[in-house]
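**Q** Got model.txt for you, compact mmCIF, C-alpha atoms and all ligand atoms:
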# COMPACT_ATOMS: atom_id res chain seq x y z
CA MET J 19 -19.26 -45.83 14.13
CA LYS J 20 -20.62 -45.13 10.65
CA GLU J 21 -18.99 -46.80 7.61
CA LEU J 22 -17.20 -44.09 5.60
CA LYS J 23 -16.38 -44.05 1.94
CA GLU J 24 -12.62 -43.84 1.28
CA LEU J 25 -11.25 -41.10 -0.95
CA ASN J 26 -7.80 -41.73 -2.40
CA VAL J 27 -5.78 -38.57 -2.88
CA GLY J 28 -2.93 -38.15 -5.36
CA MET J 29 -0.88 -35.06 -4.59
CA ILE J 30 1.58 -33.26 -6.89
CA GLY J 31 4.40 -31.31 -5.16
CA TYR J 32 5.94 -31.96 -1.77
CA LYS J 33 7.61 -28.73 -0.65
CA PHE J 34 5.85 -25.81 1.08
CA MET J 35 2.26 -26.36 -0.01
CA GLY J 36 2.74 -30.09 -0.41
CA LYS J 37 3.67 -30.27 3.26
CA ALA J 38 0.82 -27.97 4.30
CA HIS J 39 -1.75 -30.04 2.37
CA SER J 40 -0.28 -33.33 3.65
CA ASN J 41 -0.74 -32.05 7.21
CA ALA J 42 -4.34 -31.13 6.39
CA TYR J 43 -5.13 -34.60 4.99
CA ALA J 44 -3.51 -36.18 8.04
CA LYS J 45 -5.65 -34.13 10.44
CA VAL J 46 -9.01 -33.87 8.72
CA ASN J 47 -10.54 -37.15 9.92
CA MET J 48 -8.95 -36.78 13.34
CA PHE J 49 -10.65 -33.46 14.09
CA PHE J 50 -13.69 -33.34 11.79
CA ASP J 51 -16.69 -35.60 11.44
CA ALA J 52 -16.17 -35.77 7.66
CA ASP J 53 -18.37 -37.88 5.39
CA ALA J 54 -15.39 -39.71 3.85
CA THR J 55 -12.06 -41.04 5.02
CA VAL J 56 -9.07 -39.51 3.29
CA VAL J 57 -6.30 -41.88 2.18
CA ARG J 58 -2.92 -40.32 1.38
CA LYS J 59 -2.52 -42.70 -1.53
CA ALA J 60 0.29 -41.34 -3.73
CA ILE J 61 2.55 -38.30 -3.79
CA CYS J 62 4.28 -37.04 -6.94
CA GLY J 63 7.52 -35.15 -7.61
CA ARG J 64 10.37 -35.38 -10.05
CA GLU J 65 13.29 -36.36 -7.86
CA GLU J 66 12.97 -39.90 -6.62
CA SER J 67 15.00 -39.93 -3.40
CA ALA J 68 13.63 -36.62 -2.08
CA LEU J 69 10.16 -37.78 -3.02
CA ARG J 70 10.54 -41.07 -1.11
CA GLU J 71 11.70 -39.14 1.95
CA ALA J 72 8.72 -36.78 1.68
CA ALA J 73 6.32 -39.72 1.27
CA GLN J 74 7.65 -41.34 4.42
CA ARG J 75 7.68 -38.15 6.46
CA PHE J 76 4.24 -36.92 5.33
CA GLY J 77 2.54 -40.32 5.48
CA TRP J 78 1.91 -41.11 1.79
CA ARG J 79 1.66 -44.77 0.82
CA GLU J 80 3.12 -44.63 -2.70
CA THR J 81 5.16 -42.35 -4.98
CA GLU J 82 4.93 -41.36 -8.65
CA THR J 83 7.52 -39.36 -10.59
CA ASP J 84 5.20 -38.64 -13.52
CA TRP J 85 2.18 -36.47 -12.70
CA LYS J 86 0.23 -37.69 -15.73
CA ARG J 87 0.59 -41.27 -14.55
CA LEU J 88 -0.60 -40.21 -11.09
CA ALA J 89 -3.61 -38.32 -12.44
CA SER J 90 -4.68 -41.19 -14.70
CA ARG J 91 -4.49 -43.91 -12.05
CA LYS J 92 -7.85 -45.65 -11.65
CA ASP J 93 -7.46 -45.79 -7.87
CA ILE J 94 -7.09 -42.00 -7.43
CA ASP J 95 -10.24 -39.95 -6.64
CA ILE J 96 -8.77 -36.50 -5.90
CA VAL J 97 -5.79 -34.81 -7.57
CA ASP J 98 -4.27 -32.08 -5.40
CA ILE J 99 -1.99 -29.68 -7.32
CA ASN J 100 0.83 -27.98 -5.39
CA ALA J 101 3.30 -27.51 -8.25
CA PRO J 102 4.45 -24.01 -9.29
CA SER J 103 1.75 -21.91 -10.94
CA CYS J 104 2.78 -22.48 -14.59
CA PHE J 105 1.69 -26.14 -14.26
CA HIS J 106 -1.79 -25.49 -12.86
CA LYS J 107 -3.61 -25.23 -16.18
CA GLU J 108 -2.23 -28.38 -17.80
CA MET J 109 -2.46 -30.43 -14.63
CA ALA J 110 -5.98 -29.29 -13.70
CA ILE J 111 -7.40 -29.88 -17.18
CA PHE J 112 -5.71 -33.27 -17.50
CA ALA J 113 -6.94 -34.39 -14.08
CA ALA J 114 -10.50 -33.17 -14.72
CA ASN J 115 -10.54 -34.96 -18.10
CA GLU J 116 -9.48 -38.12 -16.26
CA GLY J 117 -12.59 -37.68 -14.10
CA LYS J 118 -10.67 -36.68 -10.95
CA HIS J 119 -11.90 -34.13 -8.44
CA VAL J 120 -9.31 -31.35 -8.37
CA LEU J 121 -7.98 -29.16 -5.57
CA CYS J 122 -5.59 -26.66 -7.17
CA GLU J 123 -3.40 -24.09 -5.47
CA LYS J 124 -3.76 -20.42 -6.38
CA PRO J 125 -3.45 -18.62 -8.72
CA LEU J 126 -5.62 -20.89 -10.87
CA ALA J 127 -4.19 -19.52 -14.13
CA PHE J 128 -2.10 -16.73 -15.63
CA THR J 129 -4.81 -15.37 -17.95
CA THR J 130 -8.58 -15.14 -17.98
CA ALA J 131 -8.64 -17.18 -21.20
CA ASP J 132 -6.64 -20.00 -19.55
CA ALA J 133 -8.82 -19.89 -16.44
CA ARG J 134 -11.94 -20.19 -18.63
CA GLU J 135 -10.50 -23.32 -20.28
CA ILE J 136 -9.89 -24.86 -16.85
CA VAL J 137 -13.43 -24.04 -15.68
CA GLU J 138 -14.89 -25.51 -18.89
CA ALA J 139 -12.92 -28.76 -18.52
CA ALA J 140 -13.98 -29.16 -14.88
CA GLN J 141 -17.63 -28.34 -15.59
CA LYS J 142 -17.75 -30.65 -18.62
CA SER J 143 -16.42 -33.62 -16.69
CA GLY J 144 -18.73 -32.90 -13.75
CA VAL J 145 -16.01 -33.19 -11.11
CA ARG J 146 -15.76 -31.13 -7.91
CA HIS J 147 -13.15 -28.37 -8.10
CA GLN J 148 -11.68 -26.00 -5.54
CA VAL J 149 -8.92 -23.35 -5.47
CA GLY J 150 -6.51 -22.99 -2.54
CA PHE J 151 -7.72 -19.68 -1.17
CA ASN J 152 -7.17 -20.97 2.34
CA TYR J 153 -7.58 -17.65 4.16
CA ARG J 154 -11.35 -17.82 3.60
CA PHE J 155 -11.25 -20.62 6.14
CA ALA J 156 -9.60 -18.60 8.93
CA PRO J 157 -12.21 -18.60 11.73
CA ALA J 158 -12.07 -14.78 12.01
CA VAL J 159 -12.80 -14.40 8.30
CA GLN J 160 -15.80 -16.70 8.63
CA VAL J 161 -17.11 -14.61 11.55
CA ILE J 162 -16.58 -11.40 9.58
CA ARG J 163 -18.61 -12.85 6.72
CA GLN J 164 -21.42 -13.62 9.16
CA LEU J 165 -21.28 -10.05 10.51
CA ILE J 166 -21.60 -8.70 6.97
CA THR J 167 -24.32 -11.05 5.71
CA SER J 168 -26.40 -10.52 8.86
CA GLY J 169 -26.29 -6.76 8.23
CA ARG J 170 -24.27 -5.85 11.34
CA LEU J 171 -21.92 -3.62 9.34
CA GLY J 172 -24.74 -2.07 7.33
CA LYS J 173 -23.99 -0.83 3.85
CA ILE J 174 -20.35 -1.52 2.97
CA TYR J 175 -18.32 1.52 1.91
CA HIS J 176 -14.68 0.35 1.96
CA PHE J 177 -12.50 -2.75 1.70
CA ARG J 178 -8.86 -1.83 2.38
CA GLY J 179 -6.41 -4.74 2.31
CA HIS J 180 -2.75 -5.42 2.10
CA TYR J 181 -0.41 -8.39 1.96
CA LEU J 182 3.13 -7.44 3.02
CA GLN J 183 6.28 -9.57 2.98
CA ASP J 184 10.01 -8.74 2.86
CA PHE J 185 11.70 -12.01 1.84
CA ILE J 186 13.32 -10.61 -1.33
CA ILE J 187 14.31 -7.19 -0.02
CA ASP J 188 18.03 -8.16 -0.19
CA PRO J 189 19.12 -7.35 -3.80
CA GLU J 190 21.37 -10.46 -3.69
CA PHE J 191 18.44 -12.78 -2.93
CA PRO J 192 18.44 -15.11 -5.98
CA LYS J 193 15.94 -15.25 -8.77
CA VAL J 194 13.85 -18.16 -7.44
CA TRP J 195 10.86 -19.40 -9.48
CA ARG J 196 8.52 -16.89 -7.80
CA LEU J 197 10.53 -14.13 -9.57
CA ASP J 198 10.32 -15.78 -13.00
CA LYS J 199 7.27 -14.77 -15.03
CA SER J 200 7.30 -17.94 -17.13
CA VAL J 201 6.88 -20.04 -13.95
CA ALA J 202 5.00 -17.75 -11.54
CA GLY J 203 3.00 -15.72 -14.06
CA SER J 204 3.07 -12.69 -11.80
CA GLY J 205 5.00 -11.40 -8.78
CA ALA J 206 3.53 -9.87 -5.64
CA LEU J 207 0.13 -9.43 -7.30
CA GLY J 208 -0.38 -13.08 -8.30
CA ASP J 209 1.27 -14.59 -5.24
CA LEU J 210 0.02 -12.32 -2.45
CA GLY J 211 -2.57 -10.01 -4.01
CA ALA J 212 -4.58 -13.02 -5.23
CA HIS J 213 -5.42 -13.95 -1.62
CA VAL J 214 -6.58 -10.42 -0.75
CA ILE J 215 -8.62 -10.16 -3.94
CA ASP J 216 -10.34 -13.43 -3.07
CA LEU J 217 -11.11 -12.20 0.45
CA ALA J 218 -12.49 -8.94 -0.93
CA ARG J 219 -14.79 -10.89 -3.27
CA PHE J 220 -15.77 -13.38 -0.54
CA LEU J 221 -16.68 -10.63 1.92
CA VAL J 222 -17.92 -7.73 -0.21
CA GLY J 223 -18.68 -9.10 -3.70
CA ASP J 224 -17.63 -8.85 -7.32
CA VAL J 225 -15.39 -6.08 -8.57
CA LYS J 226 -16.44 -3.76 -11.38
CA ARG J 227 -13.33 -1.79 -12.34
CA VAL J 228 -9.71 -1.32 -11.27
CA SER J 229 -6.70 0.95 -11.74
CA GLY J 230 -3.22 -0.04 -10.59
CA ILE J 231 0.45 0.78 -10.27
CA SER J 232 3.37 -1.63 -9.91
CA LYS J 233 7.12 -1.57 -9.54
CA THR J 234 10.07 -3.95 -9.90
CA PHE J 235 12.61 -2.38 -7.53
CA ILE J 236 15.47 -4.84 -8.21
CA SER J 237 15.67 -5.50 -11.93
CA GLU J 238 18.44 -8.15 -11.92
CA ARG J 239 19.30 -10.97 -9.51
CA PRO J 240 21.78 -13.88 -9.32
CA LEU J 241 20.54 -17.23 -10.62
CA PRO J 242 20.12 -19.85 -7.86
CA GLU J 243 21.88 -23.20 -7.68
CA GLY J 244 19.00 -24.79 -5.83
CA MET J 245 15.64 -23.39 -4.82
CA THR J 246 12.08 -23.61 -3.65
CA GLY J 247 9.75 -20.76 -4.45
CA LEU J 248 10.69 -18.91 -1.24
CA SER J 249 14.35 -19.80 -0.69
CA GLY J 250 17.46 -20.30 -2.77
CA ARG J 251 21.27 -20.28 -2.82
CA ALA J 252 23.46 -18.42 -5.29
CA SER J 253 27.27 -18.47 -5.50
CA GLN J 254 29.10 -15.12 -5.46
CA ASP J 255 29.95 -15.33 -9.17
CA ALA J 256 26.55 -16.65 -10.24
CA PRO J 257 25.29 -15.28 -13.55
CA ARG J 258 22.54 -12.69 -13.19
CA ALA J 259 19.19 -12.55 -14.90
CA ALA J 260 16.46 -9.97 -15.31
CA VAL J 261 13.50 -10.07 -12.92
CA ASP J 262 10.35 -9.93 -15.02
CA VAL J 263 7.64 -9.86 -12.34
CA ASP J 264 6.34 -7.09 -10.08
CA ASP J 265 7.98 -6.61 -6.67
CA ALA J 266 5.01 -4.56 -5.54
CA THR J 267 1.56 -3.79 -6.94
CA SER J 268 -1.16 -1.53 -5.57
CA PHE J 269 -4.57 -0.87 -7.01
CA ILE J 270 -7.81 0.83 -6.32
CA GLY J 271 -11.18 -0.27 -7.58
CA GLU J 272 -14.93 -0.24 -7.24
CA PHE J 273 -17.15 -3.18 -6.28
CA GLU J 274 -20.40 -3.91 -8.15
CA CYS J 275 -22.20 -2.87 -4.91
CA GLY J 276 -20.61 0.59 -5.09
CA ALA J 277 -18.08 0.11 -2.28
CA LEU J 278 -14.49 1.22 -2.83
CA LEU J 279 -11.57 -1.21 -2.94
CA GLN J 280 -7.91 -0.63 -2.15
CA ILE J 281 -5.29 -3.42 -2.21
CA GLU J 282 -1.51 -3.40 -1.83
CA ALA J 283 0.75 -6.44 -2.35
CA THR J 284 4.49 -6.15 -1.81
CA ARG J 285 7.58 -8.19 -1.02
CA PHE J 286 9.48 -5.06 -0.02
CA ALA J 287 7.84 -4.14 3.30
CA ALA J 288 10.79 -4.47 5.70
CA GLY J 289 9.83 -6.18 8.93
CA HIS J 290 6.67 -7.77 7.56
CA LYS J 291 7.08 -11.53 7.15
CA ASN J 292 3.55 -12.52 6.18
CA ASN J 293 1.19 -9.70 7.03
CA LEU J 294 -2.16 -10.17 5.34
CA SER J 295 -4.53 -7.58 6.82
CA PHE J 296 -7.76 -5.90 5.88
CA GLU J 297 -10.34 -3.48 7.21
CA ILE J 298 -13.94 -3.15 6.11
CA ASN J 299 -16.00 -0.07 6.88
CA GLY J 300 -19.79 -0.03 6.72
CA SER J 301 -22.60 2.34 7.70
CA LYS J 302 -23.11 0.56 11.03
CA GLY J 303 -19.56 -0.38 11.94
CA SER J 304 -16.15 -1.65 10.92
CA VAL J 305 -14.06 -4.82 11.20
CA ARG J 306 -10.32 -5.43 11.04
CA PHE J 307 -8.32 -8.63 10.62
CA SER J 308 -4.60 -9.35 10.54
CA LEU J 309 -3.10 -12.80 9.88
CA GLU J 310 -0.42 -11.96 12.46
CA ARG J 311 -3.23 -12.14 15.06
CA ILE J 312 -5.14 -14.94 13.38
CA CYS J 313 -7.25 -15.80 16.43
CA GLU J 314 -8.70 -12.32 16.75
CA LEU J 315 -10.82 -9.84 14.90
CA GLN J 316 -11.59 -6.26 15.80
CA TYR J 317 -15.15 -5.01 15.62
CA PHE J 318 -16.44 -1.48 15.96
CA ASP J 319 -20.19 -1.20 16.53
CA ALA J 320 -21.37 2.32 15.66
CA GLY J 321 -24.62 1.58 17.53
CA SER J 322 -22.94 1.06 20.90
CA ASP J 323 -23.26 3.64 23.68
CA GLU J 324 -21.70 7.03 22.97
CA GLY J 325 -18.66 7.57 25.16
CA LEU J 326 -18.10 3.81 25.37
CA GLN J 327 -17.37 3.27 21.71
CA GLY J 328 -14.22 1.74 20.30
CA PHE J 329 -12.86 -1.30 18.48
CA ALA J 330 -13.45 -4.45 20.54
CA THR J 331 -10.96 -7.31 20.19
CA ILE J 332 -12.87 -10.58 19.82
CA SER J 333 -11.29 -14.00 20.25
CA VAL J 334 -12.47 -16.51 17.66
CA THR J 335 -11.21 -19.63 19.41
CA GLU J 336 -14.86 -20.26 20.31
CA GLY J 337 -18.16 -18.81 19.15
CA ILE J 338 -20.08 -18.62 15.93
CA HIS J 339 -17.77 -19.82 13.16
CA PRO J 340 -18.38 -23.24 11.56
CA TYR J 341 -15.14 -24.83 12.80
CA ALA J 342 -15.56 -23.99 16.50
CA GLY J 343 -15.78 -27.08 18.65
CA ASN J 344 -13.71 -29.28 16.35
CA TRP J 345 -10.36 -28.23 17.80
CA TRP J 346 -9.28 -27.48 21.33
CA PRO J 347 -11.16 -25.92 24.25
CA ALA J 348 -11.82 -22.14 24.06
CA GLY J 349 -8.69 -20.00 24.17
CA HIS J 350 -6.42 -22.75 22.83
CA VAL J 351 -5.28 -20.93 19.73
CA TYR J 352 -5.36 -21.64 15.99
CA GLY J 353 -2.53 -21.17 13.47
CA TYR J 354 -1.94 -20.96 9.72
CA GLU J 355 -2.21 -24.72 9.23
CA HIS J 356 -5.78 -24.81 10.56
CA THR J 357 -6.97 -22.78 7.55
CA LEU J 358 -5.73 -25.60 5.30
CA VAL J 359 -7.37 -28.32 7.37
CA HIS J 360 -10.66 -26.42 7.06
CA GLU J 361 -10.09 -26.01 3.32
CA VAL J 362 -9.50 -29.75 2.87
CA TYR J 363 -12.49 -30.61 5.10
CA GLU J 364 -14.80 -28.50 2.91
CA PHE J 365 -13.43 -30.13 -0.25
CA VAL J 366 -13.79 -33.65 1.16
CA GLN J 367 -17.41 -32.86 2.10
CA SER J 368 -18.20 -31.60 -1.38
CA VAL J 369 -16.66 -34.70 -3.00
CA ALA J 370 -18.33 -37.07 -0.53
CA ASN J 371 -21.78 -35.49 -0.83
CA GLY J 372 -21.74 -34.20 -4.41
CA GLY J 373 -22.31 -30.55 -3.46
CA ALA J 374 -20.46 -27.66 -5.10
CA ALA J 375 -17.08 -26.82 -3.61
CA SER J 376 -16.24 -23.26 -2.61
CA PRO J 377 -14.10 -21.35 -3.54
CA ASP J 378 -14.30 -23.19 -6.85
CA PHE J 379 -12.59 -22.71 -10.21
CA VAL J 380 -15.08 -19.97 -11.08
CA ASP J 381 -13.77 -18.04 -8.07
CA GLY J 382 -10.25 -18.76 -9.35
CA LEU J 383 -11.28 -17.42 -12.76
CA LYS J 384 -12.76 -14.23 -11.28
CA CYS J 385 -9.60 -13.59 -9.27
CA THR J 386 -7.46 -14.07 -12.40
CA GLN J 387 -9.78 -11.72 -14.30
CA ILE J 388 -9.27 -8.97 -11.70
CA MET J 389 -5.49 -9.47 -11.75
CA GLU J 390 -5.41 -9.30 -15.54
CA ALA J 391 -7.52 -6.12 -15.42
CA VAL J 392 -5.02 -4.61 -12.94
CA ASP J 393 -2.08 -5.48 -15.23
CA LEU J 394 -3.91 -4.05 -18.21
CA SER J 395 -4.74 -0.84 -16.33
CA ILE J 396 -1.05 -0.45 -15.46
CA ALA J 397 -0.01 -1.00 -19.09
CA ARG J 398 -2.64 1.45 -20.37
CA GLY J 399 -2.44 3.96 -17.52
CA ALA J 400 -6.24 3.86 -17.38
CA TRP J 401 -9.19 2.28 -15.59
CA VAL J 402 -10.15 -1.19 -16.84
CA ASP J 403 -13.61 -2.79 -16.49
CA VAL J 404 -13.17 -6.31 -15.12
CA ASP J 405 -16.01 -7.64 -17.29
CA SER J 406 -14.25 -6.44 -20.44
CA LEU J 407 -11.93 -9.45 -20.11
N1 LIG P 1 -2.37 -20.98 -0.36
C1 LIG P 1 -1.21 -20.56 0.10
O1 LIG P 1 -1.12 -20.05 1.22
C2 LIG P 1 0.02 -20.75 -0.75
C3 LIG P 1 1.28 -20.53 -0.18
C4 LIG P 1 2.41 -20.79 -0.95
C5 LIG P 1 2.29 -21.20 -2.25
N2 LIG P 1 1.04 -21.37 -2.80
C6 LIG P 1 0.92 -21.82 -4.21
O2 LIG P 1 1.28 -23.22 -4.23
C7 LIG P 1 2.00 -23.53 -5.40
C8 LIG P 1 3.34 -24.18 -5.01
O3 LIG P 1 4.09 -23.24 -4.26
P1 LIG P 1 5.17 -23.73 -3.17
O4 LIG P 1 5.56 -22.54 -2.37
O5 LIG P 1 4.66 -24.94 -2.47
O6 LIG P 1 6.37 -24.15 -4.13
P2 LIG P 1 7.67 -25.02 -3.79
O7 LIG P 1 8.74 -24.55 -4.69
O8 LIG P 1 7.91 -25.02 -2.31
O9 LIG P 1 7.21 -26.49 -4.20
C9 LIG P 1 6.87 -26.82 -5.54
C10 LIG P 1 6.74 -28.33 -5.66
O10 LIG P 1 6.33 -28.65 -7.01
C11 LIG P 1 7.13 -29.72 -7.49
N3 LIG P 1 7.16 -29.70 -8.95
C12 LIG P 1 7.65 -28.72 -9.75
N4 LIG P 1 7.51 -29.07 -11.05
C13 LIG P 1 6.92 -30.30 -11.06
C14 LIG P 1 6.53 -31.21 -12.09
N5 LIG P 1 6.72 -30.92 -13.38
N6 LIG P 1 5.96 -32.39 -11.72
C15 LIG P 1 5.76 -32.70 -10.43
N7 LIG P 1 6.11 -31.87 -9.41
C16 LIG P 1 6.69 -30.69 -9.72
C17 LIG P 1 8.50 -29.49 -6.84
O11 LIG P 1 9.25 -30.66 -6.83
C18 LIG P 1 8.06 -29.07 -5.42
O12 LIG P 1 7.81 -30.21 -4.63
C19 LIG P 1 2.16 -22.22 -6.18
O13 LIG P 1 1.21 -22.19 -7.21
C20 LIG P 1 1.88 -21.13 -5.16
O14 LIG P 1 1.28 -19.97 -5.72
C21 LIG P 1 -0.07 -21.16 -2.07
If you convert what's in this file into structure tokens, what do you get?
**A**
Amino acid sequence: MKELKELNVGMIGYKFMGKAHSNAYAKVNMFFDADATVVRKAICGREESALREAAQRFGWRETETDWKRLASRKDIDIVDINAPSCFHKEMAIFAANEGKHVLCEKPLAFTTADAREIVEAAQKSGVRHQVGFNYRFAPAVQVIRQLITSGRLGKIYHFRGHYLQDFIIDPEFPKVWRLDKSVAGSGALGDLGAHVIDLARFLVGDVKRVSGISKTFISERPLPEGMTGLSGRASQDAPRAAVDVDDATSFIGEFECGALLQIEATRFAAGHKNNLSFEINGSKGSVRFSLERICELQYFDAGSDEGLQGFATISVTEGIHPYAGNWWPAGHVYGYEHTLVHEVYEFVQSVANGGAASPDFVDGLKCTQIMEAVDLSIARGAWVDVDSL
């Protein structure tokens, strides 16, 4: 067996994404022939007893209650940021300045200007940097990218995507941090739309201009007694506070390549728990993907025999994507968590071998730039050129 370099990870946050990333670090060396061994060295949160429990359950060796102390420890190689979005900028810049490689959850930043500062800090210190756009690493998405780059879909005309949830449809659902602009930065657009925007860029290319519309359907909600970003409790007589983020945002746009873009992000689509779907139409065919059927993609080949044409459902548990063969035998399905294991594998490889990570902070910046252009177009009631920001 080859001797592997050890990479010590320091992770901030231990709830939803903290758990998902911990699982990925636990699995990566078990399933992938990575060029470094990941050590779950230290996990960071503010509340000591809950943190100790998380460390034990998720397999972290040590705990830190101060993220700056974690990020400046000499024995930490990678800082993984899973705190709410308002902390990303300060944490990512601090960690990069400390010479740490940084994996940061999305959205990278609230504004294009902030995102540029983060990119500059990371580039100046020469560290590897990656943003948590995990859906790029769904096997079906990787196959779709291969279909597009090999020319199978021909010239691309349309990207049509949506990300639908319904977890806040009850007007009495409390104002958790995801509904607070000072913490989340943005509502459905920044939380859900960011993923679809990244997929659109990954698969079709950069976006030239956008025009959007958004709505906050429930303008006031009870304040929670305790919360994560997706759940909370409020007493019946809890004080209420204004919701200052979008409940739903839709926008249209144009890619640099001339294709048309249409994206909808909402938390008010009753019955949809986590439905990220998209369809791409080209001159030679179309593809469809839905996270609810993560192991499949649908492919229409316009060149197939007339009378026998139609969308074919293709299983991606085997075949041509880069992660095939690392998991179970063909037909033994993947889930959400596999996208994060793939994400972590790619980051570990880039740190171990010195290559650029992808999607990196520049991709995070470009996503933020598109979201800011959408917000500006809504405020102005006009088209906004993405490059104007
Ligand atoms: N890629 C994805 O699929 C995905 C999914 C959900 C969330 N996210 C992103 O991940 C981030 C976290 O979201 P979440 O749903 O895990 O949130 P969460 O509320 O479940 O967890 C947030 C964690 O951050 C910790 N934290 C908060 N302030 C801190 C501080 N000052 N110092 C140290 N720790 C602190 C909390 O203790 C908690 O452990 C957000 O930016 C969100 O946009 C990404």
**Q** Grab me every residue within 8 Å of ligand LIG 1 (chain P), counting only C-alpha atoms and all ligand atoms, and send it over as number ranges by chain.
**A** J: 30-37, 62-65, 83-85, 99-106, 123-126, 150-153, 195, 202, 208-209, 213, 245-248
**Q** How far is it from CA of Pro189 (chain J) to CA of Gly211 (chain J), in Å with one decimal?
**A**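 These two atoms are separated by 21.9 Å.
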**Q** Looking at only C-alpha atoms, which of J:Ile231, J:Ile111, J:Ala287, J:Leu279 is the one that sits closest to Ala133 (chain J)?
**A**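 Nearest to Ala133 (chain J): J:Ile111.
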**Q** Which distance in Å separates CA of His339 (chain J) and CA of Asp53 (chain J), to one decimal?
**A**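 Between these atoms lies a distance of 19.7 Å.
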**Q** What is the CA of Glu80 (chain J)-CA of Arg58 (chain J) distance in Å, reported with one decimal?
**A**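 Taking CA of Glu80 (chain J) and CA of Arg58 (chain J), their separation equals 8.5 Å.
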**Q** Find the residue from J:Ala114, J:Ala42, J:Ile162, J:Gly144 that sits nearest to Gly373 (chain J); use all atoms listed in the file when measuring.
**A** J:Gly144
